[in-house]
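Below is the file input-v2.cif, which contains mmCIF, C-alpha atoms.
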data_run
loop_
_atom_site.label_atom_id
_atom_site.label_comp_id
_atom_site.auth_asym_id
_atom_site.auth_seq_id
_atom_site.Cartn_x
_atom_site.Cartn_y
_atom_site.Cartn_z
CA GLU N 12 52.78 100.79 109.50
CA TRP N 13 53.66 103.90 111.49
CA ALA N 14 54.85 101.73 114.39
CA GLU N 15 57.29 99.90 112.13
CA GLU N 16 58.74 103.19 110.87
CA PHE N 17 58.85 104.66 114.38
CA SER N 18 60.61 101.58 115.72
CA LYS N 19 63.52 102.28 113.35
CA THR N 20 64.41 105.30 115.48
CA PHE N 21 65.19 102.92 118.38
CA PRO N 22 68.48 100.96 118.49
CA GLY N 23 67.67 97.44 117.35
CA GLY N 24 64.12 98.36 116.29
CA ARG N 25 61.34 96.32 117.90
CA ASN N 26 63.86 93.76 119.09
CA GLY N 27 65.86 96.41 120.94
CA SER N 28 65.72 96.91 124.70
CA ASP N 29 64.75 100.58 124.41
CA TRP N 30 61.64 99.79 122.35
CA GLN N 31 60.62 96.87 124.56
CA ARG N 32 60.83 98.96 127.70
CA GLU N 33 59.45 102.29 126.46
CA MET N 34 56.75 101.02 124.09
CA GLU N 35 55.88 97.58 125.48
CA GLY N 36 56.32 98.28 129.19
CA ARG N 37 58.76 95.42 129.77
CA PHE N 38 60.75 96.49 132.82
CA ASP N 39 63.11 93.54 132.46
CA ALA N 40 63.94 94.47 128.87
CA PHE N 41 67.49 95.59 129.66
CA ALA N 42 68.46 92.95 132.23
CA GLY N 43 71.53 90.98 131.15
CA LYS N 44 71.57 92.54 127.69
CA PRO N 45 74.31 94.63 126.05
CA VAL N 46 74.33 98.28 127.09
CA PHE N 47 75.36 99.27 123.56
CA PRO N 48 73.58 96.80 121.22
CA GLU N 49 74.10 99.21 118.33
CA PHE N 50 77.89 98.78 118.49
CA THR N 51 79.11 96.34 115.83
CA ARG N 52 82.45 95.62 114.21
CA ALA N 53 80.98 96.18 110.76
CA THR N 54 79.76 99.69 111.58
CA HIS N 55 81.99 101.08 114.32
CA VAL N 56 85.40 99.42 113.85
CA ILE N 57 87.71 100.80 111.17
CA PRO N 58 91.21 99.89 109.93
CA ALA N 59 94.00 101.66 111.79
CA PHE N 60 95.59 104.60 109.99
CA THR N 61 98.07 107.35 110.76
CA VAL N 62 96.18 110.21 112.40
CA PRO N 63 96.86 113.56 110.65
CA GLU N 64 99.01 115.93 112.67
CA GLU N 65 96.43 118.72 112.56
CA TRP N 66 93.59 116.64 114.03
CA PRO N 67 93.13 117.32 117.77
CA LYS N 68 93.93 114.52 120.18
CA TRP N 69 93.00 113.69 123.77
CA ARG N 70 93.75 111.02 126.35
CA VAL N 71 91.35 109.63 128.96
CA ILE N 72 92.53 107.51 131.89
CA ASP N 73 90.55 105.19 134.14
CA PRO N 74 93.03 104.48 136.95
CA GLY N 75 93.45 101.12 138.59
CA LEU N 76 96.27 99.85 140.75
CA ASN N 77 94.38 96.84 142.08
CA HIS N 78 92.68 96.22 138.71
CA ALA N 79 93.42 97.18 135.12
CA LEU N 80 94.37 100.76 134.29
CA ALA N 81 93.07 101.94 130.93
CA CYS N 82 94.15 104.91 128.86
CA LEU N 83 92.38 105.56 125.55
CA PHE N 84 93.66 107.93 122.90
CA PHE N 85 91.02 109.91 120.99
CA THR N 86 91.06 112.06 117.90
CA LEU N 87 88.43 113.92 115.89
CA ASP N 88 87.81 113.55 112.17
CA PRO N 89 86.64 117.10 111.35
CA TRP N 90 85.21 116.09 107.98
CA LYS N 91 83.02 113.23 109.20
CA GLU N 92 82.41 114.79 112.64
CA THR N 93 83.52 111.53 114.22
CA LEU N 94 85.24 110.83 117.54
CA ILE N 95 87.78 108.03 117.03
CA VAL N 96 89.67 105.82 119.48
CA PHE N 97 93.03 105.40 117.76
CA ASP N 98 95.18 103.78 120.45
CA GLU N 99 94.95 102.26 123.91
CA HIS N 100 96.97 101.18 126.91
CA VAL N 101 95.26 98.61 129.12
CA GLN N 102 97.32 96.85 131.76
CA ALA N 103 96.54 95.01 134.98
CA GLY N 104 99.00 94.09 137.71
CA TRP N 105 101.19 97.18 137.56
CA THR N 106 101.19 99.04 140.90
CA GLN N 107 103.60 101.76 139.82
CA VAL N 108 102.17 104.77 138.00
CA GLU N 109 105.65 105.42 136.60
CA LYS N 110 105.43 102.29 134.43
CA HIS N 111 102.01 103.27 133.06
CA ALA N 112 103.19 106.82 132.40
CA GLN N 113 106.22 105.58 130.49
CA VAL N 114 104.07 103.45 128.16
CA ILE N 115 101.47 106.22 127.70
CA LYS N 116 104.14 108.75 126.79
CA GLY N 117 105.71 106.24 124.43
CA LYS N 118 102.39 105.75 122.64
CA THR N 119 101.82 109.50 122.58
CA GLY N 120 105.08 110.08 120.75
CA LYS N 121 105.00 113.38 118.85
CA HIS N 122 101.23 113.73 119.08
CA LYS N 123 100.13 117.03 120.56
CA ILE N 124 97.62 116.24 123.31
CA GLU N 125 94.99 118.90 124.02
CA PHE N 126 94.36 117.58 127.53
CA THR N 127 94.20 114.35 129.51
CA LEU N 128 91.14 113.46 131.60
CA ILE N 129 91.10 111.01 134.50
CA ASP N 130 88.35 109.51 136.64
CA PRO N 131 87.77 111.88 139.59
CA SER N 132 88.67 109.06 141.98
CA GLY N 133 92.23 109.52 140.75
CA PHE N 134 92.51 112.69 142.85
CA ALA N 135 92.00 110.86 146.17
CA LYS N 136 95.10 110.74 148.35
CA THR N 137 96.03 107.17 149.25
CA LEU N 138 98.41 105.37 151.57
CA GLN N 139 99.37 103.16 148.66
CA GLY N 140 100.50 106.30 146.84
CA GLY N 141 102.51 107.50 149.81
CA GLY N 142 99.96 110.17 150.68
CA LYS N 143 99.71 111.27 147.05
CA SER N 144 96.92 110.74 144.56
CA VAL N 145 97.20 108.88 141.26
CA ALA N 146 96.72 112.26 139.58
CA ASP N 147 99.70 113.63 141.52
CA LEU N 148 101.84 110.68 140.45
CA PHE N 149 100.89 111.06 136.80
CA ALA N 150 101.72 114.77 136.95
CA GLU N 151 105.10 114.00 138.50
CA ASN N 152 105.75 111.67 135.57
CA GLY N 153 104.97 114.20 132.88
CA ILE N 154 101.24 113.61 132.37
CA PRO N 155 99.16 116.41 133.89
CA VAL N 156 95.52 115.39 134.21
CA SER N 157 92.13 117.03 134.73
CA PRO N 158 89.07 115.43 136.37
CA ALA N 159 86.61 113.84 133.96
CA TYR N 160 82.89 114.43 134.36
CA ARG N 161 81.31 111.52 136.23
CA ALA N 162 77.57 111.41 136.82
CA ALA N 163 76.15 110.23 140.13
CA LYS N 164 74.85 107.09 138.40
CA LYS N 165 76.57 105.37 135.49
CA ARG N 166 73.30 105.04 133.60
CA GLU N 167 73.15 108.84 133.35
CA GLN N 168 76.30 108.91 131.19
CA ILE N 169 75.23 106.21 128.76
CA PRO N 170 72.86 108.30 126.56
CA ALA N 171 75.68 110.59 125.38
CA MET N 172 77.70 107.65 124.06
CA SER N 173 74.63 105.91 122.64
CA ALA N 174 73.82 109.06 120.68
CA LEU N 175 77.27 109.03 119.07
CA LEU N 176 77.01 105.31 118.28
CA HIS N 177 73.66 105.84 116.56
CA VAL N 178 73.96 105.58 112.78
CA ARG N 179 73.02 108.82 111.05
CA ASP N 180 71.10 109.22 107.81
CA ASP N 181 74.39 109.11 105.91
CA GLY N 182 75.01 105.60 107.26
CA GLU N 183 77.83 106.68 109.59
CA PRO N 184 78.00 106.94 113.41
CA ARG N 185 79.90 109.70 115.24
CA PHE N 186 81.98 107.25 117.30
CA LYS N 187 84.44 104.72 115.88
CA VAL N 188 87.31 102.55 117.12
CA MET N 189 90.42 101.56 115.16
CA ASP N 190 90.92 97.82 114.85
CA ASN N 191 94.23 97.92 116.76
CA CYS N 192 92.27 98.72 119.95
CA GLU N 193 91.02 95.20 120.67
CA ASN N 194 90.58 95.78 124.42
CA THR N 195 88.29 98.73 123.77
CA ILE N 196 86.25 96.83 121.20
CA ALA N 197 85.85 93.84 123.51
CA GLY N 198 85.04 96.07 126.48
CA ILE N 199 82.19 97.84 124.68
CA MET N 200 80.74 94.61 123.33
CA ARG N 201 80.73 92.79 126.70
CA TYR N 202 79.32 95.75 128.68
CA ARG N 203 75.92 94.61 129.99
CA TRP N 204 73.04 95.61 132.23
CA LYS N 205 72.69 93.97 135.63
CA PRO N 206 70.20 91.08 135.81
CA LYS N 207 67.17 91.79 137.99
CA SER N 208 65.19 89.81 140.52
CA ARG N 209 61.45 90.19 140.96
CA GLU N 210 62.03 92.33 144.06
CA ASP N 211 64.08 94.98 142.27
CA MET N 212 62.18 94.97 138.97
CA ASP N 213 61.07 98.58 139.47
CA GLU N 214 64.56 99.83 140.32
CA PRO N 215 66.45 101.85 137.69
CA ASP N 216 68.72 99.84 135.42
CA GLU N 217 72.47 99.96 136.06
CA PRO N 218 75.31 98.32 134.11
CA ILE N 219 77.48 95.62 135.63
CA LYS N 220 80.56 97.09 137.31
CA MET N 221 83.16 94.62 136.09
CA MET N 222 85.97 94.89 133.51
CA ASP N 223 84.59 98.24 132.38
CA ASP N 224 87.79 100.31 132.40
CA GLU N 225 87.84 100.95 128.65
CA VAL N 226 84.13 101.77 128.60
CA ASP N 227 84.58 104.28 131.43
CA CYS N 228 87.21 106.09 129.36
CA ALA N 229 84.85 106.18 126.38
CA LEU N 230 81.96 107.45 128.52
CA TYR N 231 84.10 110.27 129.93
CA ALA N 232 85.22 111.30 126.44
CA CYS N 233 81.68 111.30 125.05
CA ALA N 234 80.53 113.46 127.98
CA SER N 235 83.26 116.03 127.34
CA ILE N 236 83.60 116.29 123.56
CA ASP N 237 80.86 117.19 121.08
CA PRO N 238 82.18 115.94 117.70
CA LYS N 239 79.77 117.96 115.57
CA ARG N 240 80.36 121.25 117.31
CA SER N 241 84.10 120.74 117.67
CA ALA N 242 84.60 119.61 114.08
CA ALA N 243 83.03 122.81 112.78
CA LEU N 244 85.98 124.70 114.24
CA LEU N 245 88.50 122.74 112.18
CA ARG N 246 86.94 122.49 108.75
CA ASP N 247 88.01 124.74 105.91
CA ASP N 248 84.51 126.16 105.63
CA ASP N 249 84.79 127.52 109.18
CA PRO N 250 82.88 130.84 109.11
CA LEU N 251 85.54 132.39 111.36
CA LYS N 252 88.37 131.53 108.96
CA PRO N 253 88.53 135.15 107.60
CA TRP N 254 89.61 136.25 111.08
CA TYR N 255 93.00 134.69 110.45
CA SER N 256 95.81 135.72 108.14
CA GLY N 257 99.13 134.11 107.35
CA SER N 258 99.97 130.50 106.54
CA ASP N 259 97.66 127.50 106.73
CA ARG N 260 99.81 126.20 109.59
CA GLN N 261 99.12 129.38 111.59
CA ARG N 262 95.40 129.06 110.88
CA ILE N 263 95.41 125.41 111.97
CA ARG N 264 97.13 126.38 115.21
CA ALA N 265 94.56 129.10 115.81
CA ASP N 266 91.71 126.70 115.05
CA THR N 267 93.18 124.11 117.40
CA ARG N 268 93.46 126.70 120.16
CA ARG N 269 89.83 127.69 119.66
CA LEU N 270 88.80 124.01 119.77
CA ARG N 271 90.66 123.51 123.04
CA GLU N 272 89.00 126.58 124.54
CA THR N 273 85.55 125.49 123.35
CA VAL N 274 85.90 121.96 124.72
CA SER N 275 87.17 123.42 127.99
CA HIS N 276 84.07 125.57 128.21
CA GLN N 277 81.86 122.56 127.51
CA PHE N 278 83.71 120.47 130.11
CA PHE N 279 83.52 123.04 132.90
CA GLY N 280 79.90 123.88 132.10
CA ARG N 281 80.42 127.46 130.94
CA ASP N 282 78.75 129.11 127.99
CA ASP N 283 81.36 129.87 125.35
CA GLU N 284 79.11 131.99 123.18
CA GLU N 285 78.96 135.74 123.30
CA PRO N 286 75.80 137.12 124.94
#

Could I get this structure in the form of C-alpha coordinates?
Amino acid sequence: EWAEEFSKTFPGGRNGSDWQREMEGRFDAFAGKPVFPEFTRATHVIPAFTVPEEWPKWRVIDPGLNHALACLFFTLDPWKETLIVFDEHVQAGWTQVEKHAQVIKGKTGKHKIEFTLIDPSGFAKTLQGGGKSVADLFAENGIPVSPAYRAAKKREQIPAMSALLHVRDDGEPRFKVMDNCENTIAGIMRYRWKPKSREDMDEPDEPIKMMDDEVDCALYACASIDPKRSAALLRDDDPLKPWYSGSDRQRIRADTRRLRETVSHQFFGRDDEEP
(Lines of atoms letter the chains of each structure in order from A and count residues from 1; the text may use other names and numbers.)
(Lines give C-alpha, C1' and ligand atoms only; values in the text may rest on other atoms or scores of the structure.)
Protein backbone atom coordinates (compact mmCIF):
# COMPACT_ATOMS: atom_id res chain seq x y z
CA GLU A 1 0.00 0.00 0.00
CA TRP A 2 1.07 3.61 -0.50
CA ALA A 3 0.83 4.22 3.25
CA GLU A 4 3.24 1.37 3.96
CA GLU A 5 5.77 2.78 1.48
CA PHE A 6 5.29 6.33 2.76
CA SER A 7 5.78 5.20 6.35
CA LYS A 8 9.30 4.04 5.45
CA THR A 9 10.31 7.68 5.10
CA PHE A 10 9.64 8.14 8.85
CA PRO A 11 12.16 6.93 11.46
CA GLY A 12 10.83 3.65 12.81
CA GLY A 13 8.06 3.45 10.19
CA ARG A 14 4.52 3.13 11.56
CA ASN A 15 5.88 2.28 14.98
CA GLY A 16 7.91 5.49 15.12
CA SER A 17 6.88 8.54 17.13
CA ASP A 18 7.00 10.85 14.10
CA TRP A 19 4.47 8.76 12.17
CA GLN A 20 2.18 8.30 15.16
CA ARG A 21 2.05 12.03 15.83
CA GLU A 22 1.95 13.40 12.28
CA MET A 23 -0.22 10.76 10.62
CA GLU A 24 -2.29 9.36 13.50
CA GLY A 25 -2.71 12.53 15.57
CA ARG A 26 -1.34 11.01 18.77
CA PHE A 27 -0.05 14.00 20.73
CA ASP A 28 1.49 11.74 23.37
CA ALA A 29 3.47 9.81 20.76
CA PHE A 30 6.84 11.24 21.84
CA ALA A 31 6.37 11.28 25.62
CA GLY A 32 9.01 9.21 27.40
CA LYS A 33 10.38 7.79 24.16
CA PRO A 34 13.90 8.12 22.72
CA VAL A 35 14.57 11.39 20.92
CA PHE A 36 16.74 9.56 18.40
CA PRO A 37 15.10 6.12 17.90
CA GLU A 38 16.98 5.72 14.64
CA PHE A 39 20.34 5.61 16.44
CA THR A 40 21.58 2.03 16.84
CA ARG A 41 24.94 0.44 17.53
CA ALA A 42 24.65 -1.69 14.41
CA THR A 43 24.19 1.30 12.11
CA HIS A 44 25.86 4.29 13.76
CA VAL A 45 28.73 2.88 15.84
CA ILE A 46 31.97 1.95 14.06
CA PRO A 47 35.31 0.50 15.19
CA ALA A 48 37.85 3.12 16.22
CA PHE A 49 40.57 3.90 13.68
CA THR A 50 43.36 6.42 13.24
CA VAL A 51 41.89 9.54 11.66
CA PRO A 52 43.84 10.61 8.53
CA GLU A 53 45.89 13.75 9.02
CA GLU A 54 44.24 15.55 6.11
CA TRP A 55 40.68 15.11 7.40
CA PRO A 56 39.41 18.27 9.14
CA LYS A 57 38.78 18.08 12.87
CA TRP A 58 36.72 20.07 15.37
CA ARG A 59 36.04 20.09 19.10
CA VAL A 60 32.75 20.97 20.80
CA ILE A 61 32.50 21.63 24.54
CA ASP A 62 29.46 21.60 26.80
CA PRO A 63 30.81 23.19 30.00
CA GLY A 64 29.90 22.06 33.47
CA LEU A 65 31.61 22.79 36.75
CA ASN A 66 28.73 21.62 38.92
CA HIS A 67 27.91 18.73 36.56
CA ALA A 68 29.82 16.82 33.90
CA LEU A 69 31.84 18.72 31.31
CA ALA A 70 31.84 17.10 27.89
CA CYS A 71 34.17 17.68 24.96
CA LEU A 72 33.59 15.71 21.76
CA PHE A 73 36.11 15.47 18.94
CA PHE A 74 34.68 15.41 15.42
CA THR A 75 36.11 14.68 12.01
CA LEU A 76 34.69 14.46 8.49
CA ASP A 77 35.03 11.51 6.13
CA PRO A 78 35.07 13.35 2.78
CA TRP A 79 34.41 10.19 0.79
CA LYS A 80 31.31 9.04 2.68
CA GLU A 81 30.21 12.59 3.59
CA THR A 82 29.98 11.49 7.21
CA LEU A 83 30.49 13.44 10.44
CA ILE A 84 32.28 11.18 12.95
CA VAL A 85 32.80 11.46 16.71
CA PHE A 86 36.28 10.00 17.14
CA ASP A 87 37.13 10.86 20.75
CA GLU A 88 35.59 12.30 23.90
CA HIS A 89 36.37 13.75 27.29
CA VAL A 90 33.52 13.53 29.80
CA GLN A 91 34.27 14.25 33.43
CA ALA A 92 32.19 15.29 36.44
CA GLY A 93 33.50 16.67 39.71
CA TRP A 94 36.36 18.75 38.35
CA THR A 95 35.92 22.44 39.22
CA GLN A 96 39.15 23.60 37.59
CA VAL A 97 39.08 24.34 33.88
CA GLU A 98 42.86 23.86 33.84
CA LYS A 99 42.44 20.12 34.49
CA HIS A 100 39.90 19.74 31.68
CA ALA A 101 42.08 21.75 29.30
CA GLN A 102 45.09 19.58 30.05
CA VAL A 103 43.19 16.38 29.20
CA ILE A 104 41.61 17.91 26.07
CA LYS A 105 44.98 19.07 24.78
CA GLY A 106 46.44 15.65 25.55
CA LYS A 107 43.73 13.95 23.51
CA THR A 108 44.16 16.50 20.72
CA GLY A 109 47.83 15.65 20.38
CA LYS A 110 49.12 16.57 16.91
CA HIS A 111 45.65 16.89 15.42
CA LYS A 112 45.06 20.23 13.72
CA ILE A 113 41.79 21.61 15.08
CA GLU A 114 39.83 23.90 12.76
CA PHE A 115 37.96 25.50 15.65
CA THR A 116 36.44 24.69 19.03
CA LEU A 117 32.81 25.51 19.83
CA ILE A 118 31.36 25.91 23.31
CA ASP A 119 27.84 26.36 24.66
CA PRO A 120 27.10 30.12 24.73
CA SER A 121 26.57 29.90 28.49
CA GLY A 122 30.33 29.41 28.72
CA PHE A 123 30.82 33.12 28.03
CA ALA A 124 28.98 34.24 31.18
CA LYS A 125 31.23 35.80 33.81
CA THR A 126 30.94 33.98 37.14
CA LEU A 127 32.05 34.46 40.72
CA GLN A 128 33.18 30.85 40.71
CA GLY A 129 35.52 31.74 37.86
CA GLY A 130 36.88 34.76 39.69
CA GLY A 131 34.96 37.17 37.49
CA LYS A 132 36.00 35.32 34.34
CA SER A 133 33.95 33.10 32.07
CA VAL A 134 34.63 29.44 31.33
CA ALA A 135 35.50 30.55 27.80
CA ASP A 136 38.09 32.96 29.22
CA LEU A 137 39.62 30.20 31.33
CA PHE A 138 39.83 27.81 28.39
CA ALA A 139 41.50 30.51 26.29
CA GLU A 140 44.02 31.16 29.06
CA ASN A 141 44.83 27.45 29.01
CA GLY A 142 45.48 27.24 25.29
CA ILE A 143 42.01 26.39 23.98
CA PRO A 144 40.38 29.38 22.28
CA VAL A 145 36.65 28.83 21.81
CA SER A 146 33.78 30.27 19.78
CA PRO A 147 30.09 30.28 20.77
CA ALA A 148 28.06 27.39 19.39
CA TYR A 149 24.65 28.00 17.86
CA ARG A 150 21.94 27.30 20.43
CA ALA A 151 18.28 27.57 19.48
CA ALA A 152 15.75 29.11 21.86
CA LYS A 153 14.22 25.66 22.39
CA LYS A 154 16.17 22.41 22.34
CA ARG A 155 13.56 20.75 20.14
CA GLU A 156 14.46 23.20 17.36
CA GLN A 157 17.99 21.76 17.11
CA ILE A 158 16.97 18.11 16.99
CA PRO A 159 15.90 17.92 13.29
CA ALA A 160 19.42 18.72 12.04
CA MET A 161 20.91 15.78 13.94
CA SER A 162 18.00 13.48 13.06
CA ALA A 163 18.59 14.23 9.39
CA LEU A 164 22.22 13.13 9.66
CA LEU A 165 21.24 9.97 11.57
CA HIS A 166 18.74 9.03 8.87
CA VAL A 167 19.98 6.13 6.75
CA ARG A 168 20.41 7.10 3.11
CA ASP A 169 19.61 5.01 0.06
CA ASP A 170 23.15 3.63 0.15
CA GLY A 171 22.46 2.19 3.61
CA GLU A 172 24.72 4.67 5.41
CA PRO A 173 23.90 7.62 7.73
CA ARG A 174 25.88 10.88 7.75
CA PHE A 175 26.62 10.72 11.48
CA LYS A 176 28.64 7.99 13.21
CA VAL A 177 30.42 7.44 16.52
CA MET A 178 33.58 5.41 17.10
CA ASP A 179 33.18 2.61 19.61
CA ASN A 180 35.75 4.12 21.99
CA CYS A 181 33.27 6.93 22.76
CA GLU A 182 31.02 4.99 25.14
CA ASN A 183 29.74 8.08 26.97
CA THR A 184 28.54 9.61 23.71
CA ILE A 185 26.86 6.39 22.59
CA ALA A 186 25.10 5.98 25.93
CA GLY A 187 24.11 9.65 26.02
CA ILE A 188 22.41 9.52 22.62
CA MET A 189 20.61 6.28 23.40
CA ARG A 190 19.22 7.45 26.77
CA TYR A 191 18.12 10.89 25.51
CA ARG A 192 14.32 10.97 25.85
CA TRP A 193 11.29 13.22 25.53
CA LYS A 194 9.62 14.53 28.67
CA PRO A 195 6.53 12.60 29.80
CA LYS A 196 3.31 14.61 29.59
CA SER A 197 0.27 15.02 31.80
CA ARG A 198 -3.22 15.52 30.43
CA GLU A 199 -2.98 19.25 31.18
CA ASP A 200 0.08 19.83 29.01
CA MET A 201 -0.78 17.41 26.21
CA ASP A 202 -1.03 20.24 23.68
CA GLU A 203 2.30 21.80 24.68
CA PRO A 204 5.28 21.34 22.34
CA ASP A 205 7.50 18.36 23.10
CA GLU A 206 10.83 18.99 24.82
CA PRO A 207 13.58 16.50 25.75
CA ILE A 208 14.49 15.77 29.34
CA LYS A 209 17.27 18.08 30.57
CA MET A 210 19.38 15.53 32.42
CA MET A 211 22.76 13.92 31.64
CA ASP A 212 22.64 15.39 28.15
CA ASP A 213 26.13 16.91 27.96
CA GLU A 214 27.36 14.65 25.15
CA VAL A 215 24.14 15.11 23.19
CA ASP A 216 24.42 18.90 23.47
CA CYS A 217 27.89 18.72 21.91
CA ALA A 218 26.54 16.58 19.06
CA LEU A 219 23.60 18.94 18.49
CA TYR A 220 25.92 21.95 18.29
CA ALA A 221 28.17 20.17 15.79
CA CYS A 222 25.26 19.10 13.58
CA ALA A 223 23.94 22.68 13.57
CA SER A 224 27.31 24.07 12.44
CA ILE A 225 28.72 21.53 9.99
CA ASP A 226 27.09 20.31 6.78
CA PRO A 227 28.91 17.03 5.96
CA LYS A 228 27.77 16.84 2.34
CA ARG A 229 28.69 20.39 1.45
CA SER A 230 31.92 20.38 3.42
CA ALA A 231 33.08 17.01 2.07
CA ALA A 232 32.79 18.26 -1.50
CA LEU A 233 35.61 20.68 -0.74
CA LEU A 234 38.01 17.90 0.20
CA ARG A 235 37.43 15.21 -2.40
CA ASP A 236 39.78 14.75 -5.32
CA ASP A 237 36.96 15.47 -7.77
CA ASP A 238 36.61 18.96 -6.32
CA PRO A 239 35.70 21.18 -9.31
CA LEU A 240 37.95 23.92 -7.93
CA LYS A 241 41.01 21.66 -7.83
CA PRO A 242 42.45 23.19 -11.07
CA TRP A 243 42.78 26.49 -9.20
CA TYR A 244 45.70 25.02 -7.29
CA SER A 245 49.20 24.14 -8.40
CA GLY A 246 52.09 22.52 -6.58
CA SER A 247 52.17 19.45 -4.36
CA ASP A 248 49.21 17.46 -3.07
CA ARG A 249 50.10 18.66 0.43
CA GLN A 250 49.72 22.29 -0.70
CA ARG A 251 46.38 21.48 -2.32
CA ILE A 252 45.16 19.74 0.84
CA ARG A 253 46.12 22.78 2.90
CA ALA A 254 44.27 25.05 0.48
CA ASP A 255 41.21 22.77 0.56
CA THR A 256 41.29 22.70 4.35
CA ARG A 257 41.45 26.50 4.47
CA ARG A 258 38.47 26.74 2.13
CA LEU A 259 36.55 24.25 4.29
CA ARG A 260 37.26 26.30 7.41
CA GLU A 261 36.09 29.47 5.68
CA THR A 262 32.93 27.79 4.37
CA VAL A 263 31.98 26.34 7.76
CA SER A 264 32.65 29.74 9.33
CA HIS A 265 30.25 31.32 6.86
CA GLN A 266 27.63 28.68 7.63
CA PHE A 267 28.11 29.15 11.38
CA PHE A 268 27.83 32.93 11.35
CA GLY A 269 24.90 32.87 8.93
CA ARG A 270 26.61 34.51 5.97
CA ASP A 271 26.28 33.49 2.35
CA ASP A 272 29.62 32.18 1.13
CA GLU A 273 28.66 32.03 -2.52
CA GLU A 274 29.45 34.71 -5.03
CA PRO A 275 26.42 36.79 -6.10

Quick one: of N:Ile169, N:Ser235, N:Asp224, N:Lys116, who's nearest to N:Gln102, counting all atoms listed in the file?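 The shortest atom-to-atom distance to N:Gln102 comes from N:Asp224.
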
Hey, which of N:Pro74, N:Pro238, N:Pro131, N:Pro206 ends up closest to N:Lys187? Count only C-alpha atoms.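 Under the stated criterion, the closest residue is N:Pro238.
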
Could you jot down the atom CA of N:Thr51 to atom CA of N:Gly120 separation for me, Å, one decimal place?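 Going from atom CA of N:Thr51 over to atom CA of N:Gly120, I get 29.8 Å.
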
Nearest to N:Ala229, chosen from N:Ala162, N:Ala59, N:Ile154, N:Met172, with all atoms listed in the file counted in the distances: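 With all atoms listed in the file as the atom set, the closest residue is N:Met172.
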
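Every residue that the PyMOL selection byres ((chain N and resi 82) around 6) selects in this file is listed here: Val71, Ile72, Ala81, Leu83, Glu99 and His100 of chain N.
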